[in-house]
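Q: Pasting run_1.txt here (compact mmCIF, C-alpha atoms and all ligand atoms):
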```
# COMPACT_ATOMS: atom_id res chain seq x y z
CA THR V 1 0.00 0.00 0.00
CA GLN V 2 0.89 3.67 -0.18
CA GLU V 3 1.55 3.84 3.58
CA GLU V 4 3.82 0.81 3.55
CA LEU V 5 5.77 2.24 0.64
CA GLN V 6 6.16 5.58 2.45
CA GLU V 7 7.38 3.82 5.60
CA ARG V 8 9.92 1.88 3.54
CA GLY V 9 10.99 5.07 1.77
CA LYS V 10 11.50 6.81 5.10
CA ALA V 11 13.47 3.87 6.52
CA ALA V 12 15.64 3.62 3.39
CA VAL V 13 16.62 7.32 3.64
CA MET V 14 17.38 6.86 7.34
CA ASP V 15 19.54 3.82 6.48
CA PHE V 16 21.44 5.94 3.87
CA ASP V 17 20.54 3.10 1.50
CA GLU V 18 20.47 4.59 -1.99
CA ASP V 19 19.67 1.25 -3.66
CA ALA V 20 16.70 0.71 -1.37
CA VAL V 21 15.43 4.27 -1.95
CA VAL V 22 15.65 3.78 -5.72
CA GLU V 23 13.87 0.44 -5.38
CA VAL V 24 11.02 2.02 -3.42
CA ALA V 25 10.75 4.80 -6.03
CA GLU V 26 10.61 2.25 -8.86
CA GLU V 27 7.98 0.24 -7.02
CA CYS V 28 5.92 3.38 -6.53
CA ILE V 29 5.86 3.87 -10.30
CA SER V 30 5.15 0.24 -11.22
CA ALA V 31 2.37 -0.02 -8.61
CA GLY V 32 0.84 3.26 -9.78
CA LEU V 33 1.07 4.80 -6.31
CA ASP V 34 1.39 8.51 -5.46
CA PRO V 35 4.95 9.83 -6.03
CA VAL V 36 4.24 13.20 -4.38
CA ALA V 37 3.11 11.57 -1.14
CA LEU V 38 6.11 9.25 -1.25
CA ILE V 39 8.43 12.26 -1.45
CA GLN V 40 6.62 14.22 1.26
CA GLU V 41 5.54 11.58 3.75
CA GLY V 42 8.33 9.10 3.05
CA PHE V 43 11.67 10.53 1.92
CA THR V 44 11.24 13.99 3.49
CA ALA V 45 10.10 12.48 6.80
CA GLY V 46 13.28 10.38 6.76
CA MET V 47 15.45 13.44 6.05
CA ASN V 48 13.81 15.31 8.93
CA GLU V 49 14.72 12.47 11.30
CA ILE V 50 18.28 12.54 9.99
CA GLY V 51 18.36 16.29 10.64
CA ASP V 52 17.17 15.79 14.22
CA GLN V 53 19.76 13.10 14.90
CA PHE V 54 22.47 15.29 13.38
CA GLU V 55 21.41 18.12 15.66
CA GLN V 56 21.49 15.80 18.68
CA GLY V 57 24.97 14.68 17.73
CA THR V 58 24.07 11.02 17.21
CA LEU V 59 24.78 11.31 13.47
CA PHE V 60 27.53 13.18 11.66
CA LEU V 61 27.83 15.13 8.43
CA PRO V 62 28.84 12.11 6.26
CA HIS V 63 25.57 10.47 7.33
CA VAL V 64 23.60 13.53 6.32
CA ILE V 65 25.40 13.59 2.98
CA ALA V 66 24.71 9.88 2.40
CA ALA V 67 21.05 10.26 3.32
CA SER V 68 20.61 13.28 1.06
CA GLU V 69 22.29 11.46 -1.84
CA ALA V 70 19.94 8.53 -1.30
CA MET V 71 16.91 10.84 -1.23
CA SER V 72 18.06 12.71 -4.34
CA ALA V 73 18.46 9.42 -6.22
CA GLY V 74 14.87 8.53 -5.33
CA VAL V 75 13.53 11.92 -6.36
CA GLU V 76 15.44 11.59 -9.64
CA VAL V 77 13.67 8.30 -10.40
CA LEU V 78 10.29 9.87 -9.61
CA THR V 79 10.78 13.17 -11.48
CA PRO V 80 9.88 11.89 -15.00
CA GLU V 81 6.79 10.33 -13.45
CA LEU V 82 5.91 13.62 -11.77
CA GLU V 83 6.36 15.44 -15.04
CA LYS V 84 3.78 13.14 -16.65
CA LEU V 85 1.24 14.50 -14.15
CA SER V 86 1.84 17.91 -15.65
CA THR V 87 -1.26 19.52 -17.03
CA LYS V 88 -0.37 20.70 -20.52
CA SER V 89 -2.35 23.86 -19.96
CA GLU V 90 -1.29 27.37 -20.87
CA ASN V 91 1.63 28.93 -19.01
CA LYS V 92 0.47 30.01 -15.56
CA GLY V 93 3.31 32.49 -15.12
CA THR V 94 7.05 32.60 -14.59
CA ILE V 95 8.79 31.82 -11.31
CA ALA V 96 12.50 32.22 -10.62
CA ILE V 97 13.67 30.34 -7.54
CA GLY V 98 17.01 29.71 -5.89
CA THR V 99 18.69 28.85 -2.62
CA ILE V 100 19.99 31.95 -0.91
CA GLU V 101 23.61 33.13 -0.76
CA GLY V 102 25.76 31.09 1.62
CA ASP V 103 23.38 28.14 1.59
CA ILE V 104 23.95 24.97 -0.40
CA HIS V 105 20.81 23.03 0.56
CA THR V 106 19.00 22.20 -2.68
CA ILE V 107 16.73 19.20 -2.19
CA GLY V 108 13.64 21.08 -0.99
CA LYS V 109 14.07 23.98 -3.42
CA ASP V 110 14.36 21.54 -6.33
CA ILE V 111 11.20 19.71 -5.24
CA VAL V 112 9.36 23.04 -5.11
CA ALA V 113 10.71 23.92 -8.59
CA THR V 114 9.58 20.56 -10.01
CA MET V 115 6.10 20.78 -8.49
CA LEU V 116 5.63 24.33 -9.80
CA LYS V 117 6.69 23.17 -13.25
CA ILE V 118 4.17 20.35 -13.09
CA ALA V 119 1.49 22.85 -12.08
CA GLY V 120 2.10 24.73 -15.33
CA PHE V 121 4.52 27.48 -14.34
CA ASN V 122 7.57 28.37 -16.36
CA VAL V 123 10.30 27.84 -13.76
CA ILE V 124 13.76 29.34 -13.81
CA ASN V 125 15.94 27.46 -11.33
CA LEU V 126 18.68 29.82 -10.20
CA GLY V 127 20.56 27.08 -8.34
CA ARG V 128 22.09 27.31 -4.90
CA ASP V 129 24.28 29.78 -3.03
CA VAL V 130 22.70 32.49 -5.21
CA PRO V 131 24.17 35.97 -4.57
CA ILE V 132 21.50 38.58 -3.75
CA ALA V 133 22.56 40.56 -6.83
CA ASP V 134 21.70 37.55 -9.00
CA TYR V 135 18.13 37.51 -7.68
CA VAL V 136 17.86 41.17 -8.62
CA ASN V 137 19.33 40.50 -12.07
CA ALA V 138 16.96 37.59 -12.59
CA VAL V 139 14.02 39.93 -12.01
CA LYS V 140 15.50 42.54 -14.34
CA GLU V 141 16.24 40.10 -17.13
CA ASN V 142 13.47 37.50 -16.94
CA LYS V 143 10.63 39.54 -15.46
CA PRO V 144 9.25 36.64 -13.40
CA ASP V 145 5.85 37.00 -11.77
CA ILE V 146 7.22 35.42 -8.60
CA LEU V 147 10.73 35.36 -7.15
CA GLY V 148 11.31 32.53 -4.67
CA SER V 149 14.14 32.06 -2.24
CA SER V 150 14.94 29.05 -0.10
CA ALA V 151 16.93 29.16 3.16
CA LEU V 152 17.63 26.11 5.30
CA MET V 153 19.69 27.77 8.00
CA THR V 154 18.89 30.45 10.54
CA THR V 155 22.16 32.09 9.51
CA THR V 156 21.21 32.35 5.81
CA MET V 157 17.53 33.05 6.33
CA VAL V 158 18.45 36.61 7.35
CA LEU V 159 19.67 37.22 3.78
CA GLN V 160 16.10 36.95 2.54
CA THR V 161 15.73 40.45 3.98
CA GLN V 162 18.40 41.58 1.54
CA VAL V 163 16.40 40.28 -1.42
CA GLU V 164 13.52 42.52 -0.34
CA GLU V 165 15.77 45.52 0.21
CA GLN V 166 17.87 45.24 -2.92
CA LEU V 167 14.78 44.78 -5.07
CA LYS V 168 13.42 48.00 -3.58
CA GLU V 169 16.70 49.81 -4.18
CA ALA V 170 16.66 48.69 -7.81
CA GLY V 171 13.05 49.92 -8.14
CA LEU V 172 11.88 46.40 -8.98
CA ARG V 173 10.00 45.38 -5.87
CA ASP V 174 6.53 46.42 -7.08
CA GLY V 175 6.81 44.41 -10.27
CA VAL V 176 7.29 41.00 -8.67
CA LYS V 177 5.85 38.92 -5.86
CA THR V 178 8.35 37.37 -3.49
CA MET V 179 8.10 33.92 -1.94
CA VAL V 180 10.15 32.57 0.95
CA GLY V 181 10.52 29.04 2.28
CA GLY V 182 12.85 26.51 3.84
CA ALA V 183 12.80 24.67 7.18
CA PRO V 184 13.47 27.63 9.56
CA VAL V 185 11.25 30.03 7.60
CA THR V 186 7.76 30.83 8.92
CA GLN V 187 4.76 32.97 8.05
CA ASP V 188 5.86 35.35 10.83
CA TRP V 189 9.25 35.71 9.19
CA ALA V 190 7.64 36.42 5.83
CA ASN V 191 5.45 39.09 7.43
CA LYS V 192 8.41 40.59 9.23
CA ILE V 193 10.56 41.02 6.13
CA GLY V 194 7.65 41.90 3.84
CA ALA V 195 7.70 38.85 1.59
CA ASP V 196 4.42 38.26 -0.26
CA ILE V 197 4.21 34.49 0.04
CA TYR V 198 5.35 31.96 2.64
CA ALA V 199 5.15 28.31 1.60
CA GLU V 200 5.56 25.51 4.08
CA ASN V 201 6.12 22.82 1.49
CA ALA V 202 5.93 22.22 -2.27
CA ALA V 203 2.17 21.64 -2.34
CA ASP V 204 1.62 24.84 -0.37
CA ALA V 205 3.90 26.70 -2.82
CA VAL V 206 1.80 25.50 -5.76
CA THR V 207 -1.49 26.53 -4.10
CA LYS V 208 -0.20 29.95 -3.06
CA CYS V 209 1.58 30.73 -6.33
CA LYS V 210 -1.57 29.86 -8.27
CA ALA V 211 -3.61 32.11 -5.97
CA ALA V 212 -1.08 34.92 -6.41
CA MET V 213 -1.59 34.80 -10.18
CA GLU V 214 -5.35 35.32 -9.96
CO1 LIG N 301 22.38 20.68 6.44
N1 LIG N 301 21.68 21.62 7.99
N2 LIG N 301 24.10 21.57 6.63
N3 LIG N 301 22.93 19.61 4.92
N4 LIG N 301 20.77 19.73 6.58
C1 LIG N 301 20.27 21.44 8.28
C2 LIG N 301 19.45 22.43 7.47
C3 LIG N 301 20.21 21.71 9.85
C4 LIG N 301 18.86 22.27 10.33
C5 LIG N 301 20.58 20.42 10.62
C6 LIG N 301 20.55 20.60 12.13
O1 LIG N 301 21.48 21.09 12.69
N5 LIG N 301 19.47 20.19 12.75
C7 LIG N 301 21.42 22.72 10.04
C8 LIG N 301 21.09 24.21 10.01
C9 LIG N 301 21.08 24.83 11.40
C10 LIG N 301 20.79 26.29 11.35
O2 LIG N 301 19.69 26.70 11.10
N6 LIG N 301 21.77 27.12 11.62
C11 LIG N 301 22.34 22.30 8.89
C12 LIG N 301 23.74 22.61 8.85
C13 LIG N 301 24.30 23.28 10.07
C14 LIG N 301 24.55 22.31 7.72
C15 LIG N 301 26.05 22.63 7.52
C16 LIG N 301 26.51 24.01 7.98
C17 LIG N 301 26.83 21.50 8.21
C18 LIG N 301 28.33 21.67 8.23
O3 LIG N 301 28.96 21.79 7.23
N7 LIG N 301 28.83 21.67 9.44
C19 LIG N 301 26.17 22.48 5.97
C20 LIG N 301 25.76 23.76 5.23
C21 LIG N 301 26.75 24.35 4.35
C22 LIG N 301 26.16 25.54 3.60
O4 LIG N 301 25.02 25.56 3.19
N8 LIG N 301 26.94 26.56 3.47
C23 LIG N 301 25.12 21.49 5.69
C24 LIG N 301 25.15 20.60 4.62
C25 LIG N 301 24.18 19.70 4.30
C26 LIG N 301 24.33 18.61 3.24
C27 LIG N 301 25.15 19.08 2.04
C28 LIG N 301 24.99 17.42 3.85
C29 LIG N 301 22.82 18.28 2.94
C30 LIG N 301 22.24 19.07 1.78
C31 LIG N 301 22.26 18.32 0.47
C32 LIG N 301 21.56 19.07 -0.61
O5 LIG N 301 20.65 19.83 -0.41
N9 LIG N 301 21.98 18.85 -1.83
C33 LIG N 301 22.15 18.73 4.23
C34 LIG N 301 20.85 18.30 4.64
C35 LIG N 301 20.19 17.26 3.76
C36 LIG N 301 20.20 18.81 5.79
C37 LIG N 301 18.87 18.36 6.44
C38 LIG N 301 19.15 17.08 7.22
C39 LIG N 301 17.69 18.13 5.53
C40 LIG N 301 17.36 19.22 4.53
C41 LIG N 301 16.45 18.67 3.46
O6 LIG N 301 16.87 18.40 2.35
N10 LIG N 301 15.18 18.42 3.83
C42 LIG N 301 18.58 19.57 7.39
C43 LIG N 301 17.65 19.29 8.58
C44 LIG N 301 16.26 19.83 8.41
O7 LIG N 301 15.96 20.63 7.56
N11 LIG N 301 15.38 19.42 9.28
C45 LIG N 301 19.99 19.99 7.79
C46 LIG N 301 14.19 17.82 2.93
C47 LIG N 301 13.50 18.88 2.08
C48 LIG N 301 12.47 18.22 1.17
O8 LIG N 301 12.83 19.78 2.94
O9 LIG N 301 12.67 21.92 4.22
O10 LIG N 301 14.46 21.63 2.43
P1 LIG N 301 13.11 21.35 2.93
O11 LIG N 301 12.13 21.92 1.78
C49 LIG N 301 10.71 21.90 1.87
C50 LIG N 301 10.10 23.15 2.52
O12 LIG N 301 10.96 23.79 3.45
C51 LIG N 301 9.68 24.02 1.39
O13 LIG N 301 9.30 23.07 0.40
C52 LIG N 301 10.22 21.98 0.43
C53 LIG N 301 9.54 20.74 -0.10
O14 LIG N 301 8.38 20.41 0.62
N12 LIG N 301 10.64 24.95 0.78
C54 LIG N 301 10.27 26.11 0.13
C55 LIG N 301 11.98 24.86 0.70
N13 LIG N 301 12.49 25.90 0.05
C56 LIG N 301 11.49 26.68 -0.33
C57 LIG N 301 11.49 27.89 -1.01
C58 LIG N 301 10.29 28.53 -1.24
O15 LIG N 301 10.28 29.71 -1.87
C59 LIG N 301 9.09 27.94 -0.80
C60 LIG N 301 9.08 26.73 -0.11
```
Can you give me the file's structure in the form of structure tokens?
A:
Amino acid sequence: TQEELQERGKAAVMDFDEDAVVEVAEECISAGLDPVALIQEGFTAGMNEIGDQFEQGTLFLPHVIAASEAMSAGVEVLTPELEKLSTKSENKGTIAIGTIEGDIHTIGKDIVATMLKIAGFNVINLGRDVPIADYVNAVKENKPDILGSSALMTTTMVLQTQVEEQLKEAGLRDGVKTMVGGAPVTQDWANKIGADIYAENAADAVTKCKAAME
């Protein structure tokens, strides 16, 4: 069942077992189960546990790296399947998204980018460790409807303020909606820095970006 598969997906990530993660992903496809739920309730739940154990000092960085490689391999198997879910409707709008300067965490941001693409947005993935000036240039050059940033650390989250400020300084802030997300980011933080959209996860990002385009 879907639940069993998710449990196995979570366990495989926590075991840093890339082969097992890939196997679960392949089974998801062959059994016609839900790849989005597998990513969210399975793989991501496993990564969160890894993060907690890393914080508690029971796991070390190589473990986190191994778990994230395993998860990424699973997401890679599922991505073509996800893209098939894509509604071939008209372009819903353009979104540029990247992980903020100083931050190399990409897994969540890439899931958000994929889900937005599936939902019919034209997505420009700016990558990771994106200098604030590059966000500003992306708005200047590509005129996206929404500019998203991802921050996974309390230390890099503060730079999301800079995106707001430098867009204002460049006179571009009114022409674009900003979205913030990442594990430490909250609705309160978004309100505080003046970001237009806070998304808790990829599904939330899709719902809120669609709403923002109406
Ligand atoms: Co990393 N790391 N890490 N890490 N890491 C965290 C983030 C800590 C919280 C772990 C901890 O201590 N508990 C911590 C940060 C503490 C803090 O806040 N200060 C931390 C640290 C400290 C570090 C290093 C500094 C460790 C070191 O070197 N000593 C280093 C960072 C170096 C740097 O960036 N300059 C580091 C490195 C790594 C890797 C490379 C080993 C690996 C990343 C691999 C990669 O991304 N390619 C990694 C990982 C995997 C994590 C944890 C375990 C999981 C992150 C993850 O992928 N989650 C994380 C612990 C945690 O977050 N609980 C830990 C799964 C995804 C699916 O969830 O939250 O990223 P997500 O994304 C969601 C959601 O937030 C939202 O939608 C996504 C999908 O649903 N969303 C957005 C995300 N971005 C959005 C943007 C939007 O606009 C809208 C929605």
Q: Quick one: residues within 8 Å of segment 135-143 of chain V, all atoms listed in the file counted, chain neighbours fewer than 6 positions away excluded, as a PyMOL selection string?
A: chain V and resi 94+96+163+166-167+170+172+176
Q: Which value, in Å to one decimal, gives the distance between atom C14 of ligand LIG 301 (chain N) and atom CA of Met153 of chain V?
A: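 Calculated distance between atom C14 of ligand LIG 301 (chain N) and atom CA of Met153 of chain V is 7.3 Å.
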Q: By how many Å are atom CA of Glu214 of chain V and atom N12 of ligand LIG 301 (chain N) apart?
A: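 Atom-to-atom, atom CA of Glu214 of chain V to atom N12 of ligand LIG 301 (chain N), that is 21.9 Å.
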Q: Show me, as number ranges by chain, the residues that have an atom within 8 Å of segment 42-52 of chain V when counting all atoms listed in the file, minus same-chain residues fewer than 6 positions from it.
A: V: 5-14, 59, 64, 67-68, 71
Q: Go ahead and write the selection's residues with C-alpha atoms as a PDB file, in the frame of the given file.
A:
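Written file, part16.pdb:
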```
ATOM      1  CA  LEU V   5       5.770   2.240   0.640  1.00  0.00           C
ATOM      2  CA  GLN V   6       6.160   5.580   2.450  1.00  0.00           C
ATOM      3  CA  GLU V   7       7.380   3.820   5.600  1.00  0.00           C
ATOM      4  CA  ARG V   8       9.920   1.880   3.540  1.00  0.00           C
ATOM      5  CA  GLY V   9      10.990   5.070   1.770  1.00  0.00           C
ATOM      6  CA  LYS V  10      11.500   6.810   5.100  1.00  0.00           C
ATOM      7  CA  ALA V  11      13.470   3.870   6.520  1.00  0.00           C
ATOM      8  CA  ALA V  12      15.640   3.620   3.390  1.00  0.00           C
ATOM      9  CA  VAL V  13      16.620   7.320   3.640  1.00  0.00           C
ATOM     10  CA  MET V  14      17.380   6.860   7.340  1.00  0.00           C
ATOM     11  CA  LEU V  59      24.780  11.310  13.470  1.00  0.00           C
ATOM     12  CA  VAL V  64      23.600  13.530   6.320  1.00  0.00           C
ATOM     13  CA  ALA V  67      21.050  10.260   3.320  1.00  0.00           C
ATOM     14  CA  SER V  68      20.610  13.280   1.060  1.00  0.00           C
ATOM     15  CA  MET V  71      16.910  10.840  -1.230  1.00  0.00           C
TER      16      MET V  71
END
```
Q: May I have the residues within 10 Å of Ile193 of chain V as a list in words, using all atoms listed in the file and disregarding those fewer than 4 positions away in the same chain?
A: Val158, Gln160, Thr161, Gln162, Val163, Glu164, Glu165, Val180, Asp188 and Trp189 of chain V
Q: Could you tell me how far atom CA of Ile118 of chain V sits from atom C23 of ligand LIG 301 (chain N), in Å to one decimal place?
A: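 That distance, rounded to one decimal, is 28.2 Å.
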Q: So, counting all atoms listed in the file, which residue among V:Gly32, V:Pro62, V:Pro144, V:Pro80 is closest to Lys177 of chain V?
A: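 The answer is V:Pro144, which sits nearest to Lys177 of chain V.
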Q: Would you list the residues that come within 6 Å of ligand LIG 301 (chain N)? Count all atoms listed in the file and give the answer as a compact mmCIF listing (two decimals) with C-alpha atoms, in the coordinates of the input.
A:
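Contents of the output file selection_19.txt:
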```
# COMPACT_ATOMS: atom_id res chain seq x y z
CA THR V 44 11.24 13.99 3.49
CA MET V 47 15.45 13.44 6.05
CA ASN V 48 13.81 15.31 8.93
CA ILE V 50 18.28 12.54 9.99
CA GLY V 51 18.36 16.29 10.64
CA ASP V 52 17.17 15.79 14.22
CA PHE V 54 22.47 15.29 13.38
CA GLU V 55 21.41 18.12 15.66
CA LEU V 61 27.83 15.13 8.43
CA VAL V 64 23.60 13.53 6.32
CA ILE V 65 25.40 13.59 2.98
CA SER V 68 20.61 13.28 1.06
CA GLY V 102 25.76 31.09 1.62
CA ASP V 103 23.38 28.14 1.59
CA ILE V 104 23.95 24.97 -0.40
CA HIS V 105 20.81 23.03 0.56
CA THR V 106 19.00 22.20 -2.68
CA ILE V 107 16.73 19.20 -2.19
CA GLY V 108 13.64 21.08 -0.99
CA LYS V 109 14.07 23.98 -3.42
CA ILE V 111 11.20 19.71 -5.24
CA VAL V 112 9.36 23.04 -5.11
CA GLY V 148 11.31 32.53 -4.67
CA SER V 149 14.14 32.06 -2.24
CA SER V 150 14.94 29.05 -0.10
CA LEU V 152 17.63 26.11 5.30
CA MET V 153 19.69 27.77 8.00
CA THR V 154 18.89 30.45 10.54
CA THR V 155 22.16 32.09 9.51
CA MET V 179 8.10 33.92 -1.94
CA VAL V 180 10.15 32.57 0.95
CA GLY V 181 10.52 29.04 2.28
CA GLY V 182 12.85 26.51 3.84
CA ALA V 183 12.80 24.67 7.18
CA ALA V 199 5.15 28.31 1.60
CA GLU V 200 5.56 25.51 4.08
CA ASN V 201 6.12 22.82 1.49
CA ALA V 202 5.93 22.22 -2.27
CA ALA V 205 3.90 26.70 -2.82
```
Q: Show me as number ranges by chain the residues that reach within 10 Å of (2.6, 14.3, -4.7), counting only C-alpha atoms and using the file's own coordinates.
A: V: 33-41, 82, 85, 115, 202-203
